[in-house]
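First comes the structure, then the notes that go with it.
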Amino acid sequence: VDLKNKFIRNWLDMLCFLLSGLPADGTIAAEVAFMFAEWYRPGVQLDYPKGGSDGIINALVRGIEKHGGEVRLKAHVSEIMVAGGSAYGVRLKSGERIRAKRMVVSNAAMKSTLRLVPQDSLPSGWAEEQEETPECPSFMHLHLGFDATGLREAMGGKELDCHYMVVNDWDRGVDAEQNLVLISIPSVLDPSMA
């Protein structure tokens with residue numbers, strides 16, 4: 001779609017950049033459609049479950065343990081072990097080897113994961129191709145939580161919003177270096193996060 005309105009084009013670029021790390025022309029349309037449908041449903045609160053991200057983490061841990069998995073903290077992986085073209089486990093920095101029952105999943109960035117895999121176990125040229133993938137631009141996302149007792153009165157009765165976005169120069173584009181700052185204050189939605 002060729003958007004003519006500069007404000008709408010910039011707004012869409014910003015939302016896409018916050019979603020995917022890329023402006024609209026580099027973001028998958030399905031992702032945008034899904035997120036817009038979610039964001040603009042009545043009563044939706046963006047980004048923050050009650051109780052904060054601890055609630056999500058604890059639910060994930062319960063699910064993993066319920067299905068026989070184990071979550072380890074401070075267990076630095078030094079190598080993804082591969083044999084016969086398949087990952088079968090990991091070696092920890094401590095030297096301990098952990099064999100996977102079904103699969104090895106890495107949530108590290110692609111380039112970090114590649115450094116954990118023995119280079120001779122990867123298809124010829126594939127690792128080099130992945131290394132050439134450009135990094136996404138970044139932006140600053142500041143998360144704040146504070147006790148806002150008395151703040152509403154100090155602000156003349158105005159409510160504090162959960163999100164504030166600052167773009168220094170729209171003409172530079174939202175993905176320009178040090179051009180976009182997002183400030184989120186989840187304690188506005190859930191005071192227990194202060």
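Each chain in the structure tokens gets a letter, A, B, ..., in the order shown, and its residues are numbered from 1; ligands are numbered from 1 in order too.
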
- Message: Just list as a ChimeraX atom specification whatever in segment 5-107 of chain A DSSP marks as alpha helix (DSSP H).
- Response: /A:6-20,29-39,53-66

Residues of segment 19-132 of chain A that have any atom at most 8 Å from an atom of segment 166-181 of chain A: could you tabulate them with the shortest-distance atom pair and the distance in Å to one decimal, using only C-alpha atoms, ordered by chain and increasing number, as CSV?
```
residue,atom,partner,partner_atom,distance
A:Gly21,CA,A:Asp175,CA,7.8
A:Leu22,CA,A:Asp175,CA,7.1
A:Pro23,CA,A:Asp175,CA,7.0
```

- Message: I need the strand (DSSP E) residues of chain A per DSSP on the backbone, written as a VMD selection string.
- Response: chain A and resid 77 to 83 86 to 92 97 to 99 140 to 143 163 to 167 180 to 184

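Excluding Val188 of chain A itself and same-chain residues fewer than 3 positions from it, the residues having an atom within 7 Å of it are Leu160, Asp161, Cys162, Ile185 and Pro191 of chain A, counting only C-alpha atoms.
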
- Task: Kindly give the distance, in Å, that separates atom CA of Arg91 of chain A and atom CA of Glu129 of chain A, rounded to a single decimal.
- Result: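 Going from atom CA of Arg91 of chain A over to atom CA of Glu129 of chain A, I get 25.5 Å.
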
- Smallest atom-to-atom distance to Thr27 of chain A: which of A:Ile64, A:Leu142, A:Cys136, A:Leu116, using only C-alpha atoms?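 Once distances to Thr27 of chain A are computed over only C-alpha atoms, the minimum belongs to A:Cys136.
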
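Counting only C-alpha atoms, the residue from A:Leu151, A:Val77, A:Ala59, A:Ala33 that sits nearest to Asn107 of chain A is A:Val77.
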
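Note that the spacing between atom CA of Ile28 of chain A and atom CA of Gly63 of chain A amounts to 29.3 Å.
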
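With only C-alpha atoms as the atoms that count, the minimum distance from Gly95 of chain A to the choices A:His76, A:Val82, A:Met14, A:Thr113 is reached by A:His76.
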
- List the neighbours of Gly68 of chain A out to 12 Å using only C-alpha atoms; skip same-chain residues closer than 5 positions along the sequence, and give me the result as a list in words. Val61, Arg62, Gly63, Ala100, Lys101 and Arg102 of chain A

- Looking at only C-alpha atoms, which of A:Glu65, A:Ser121, A:Ser112, A:Trp39 is the one that sits closest to Ala87 of chain A?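 Closest residue, counting only C-alpha atoms: A:Ser121.
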
- Using only C-alpha atoms, find the one residue out of A:Ala30, A:Leu122, A:Ala109, A:Val117 that sits nearest to Val90 of chain A.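 Ranked by minimum distance to Val90 of chain A, first place goes to A:Val117.
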
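When only C-alpha atoms are used to compute distances to Met103 of chain A, the closest of the residues A:Ser138, A:Ser192, A:Ser78, A:Ser86 turns out to be A:Ser86.
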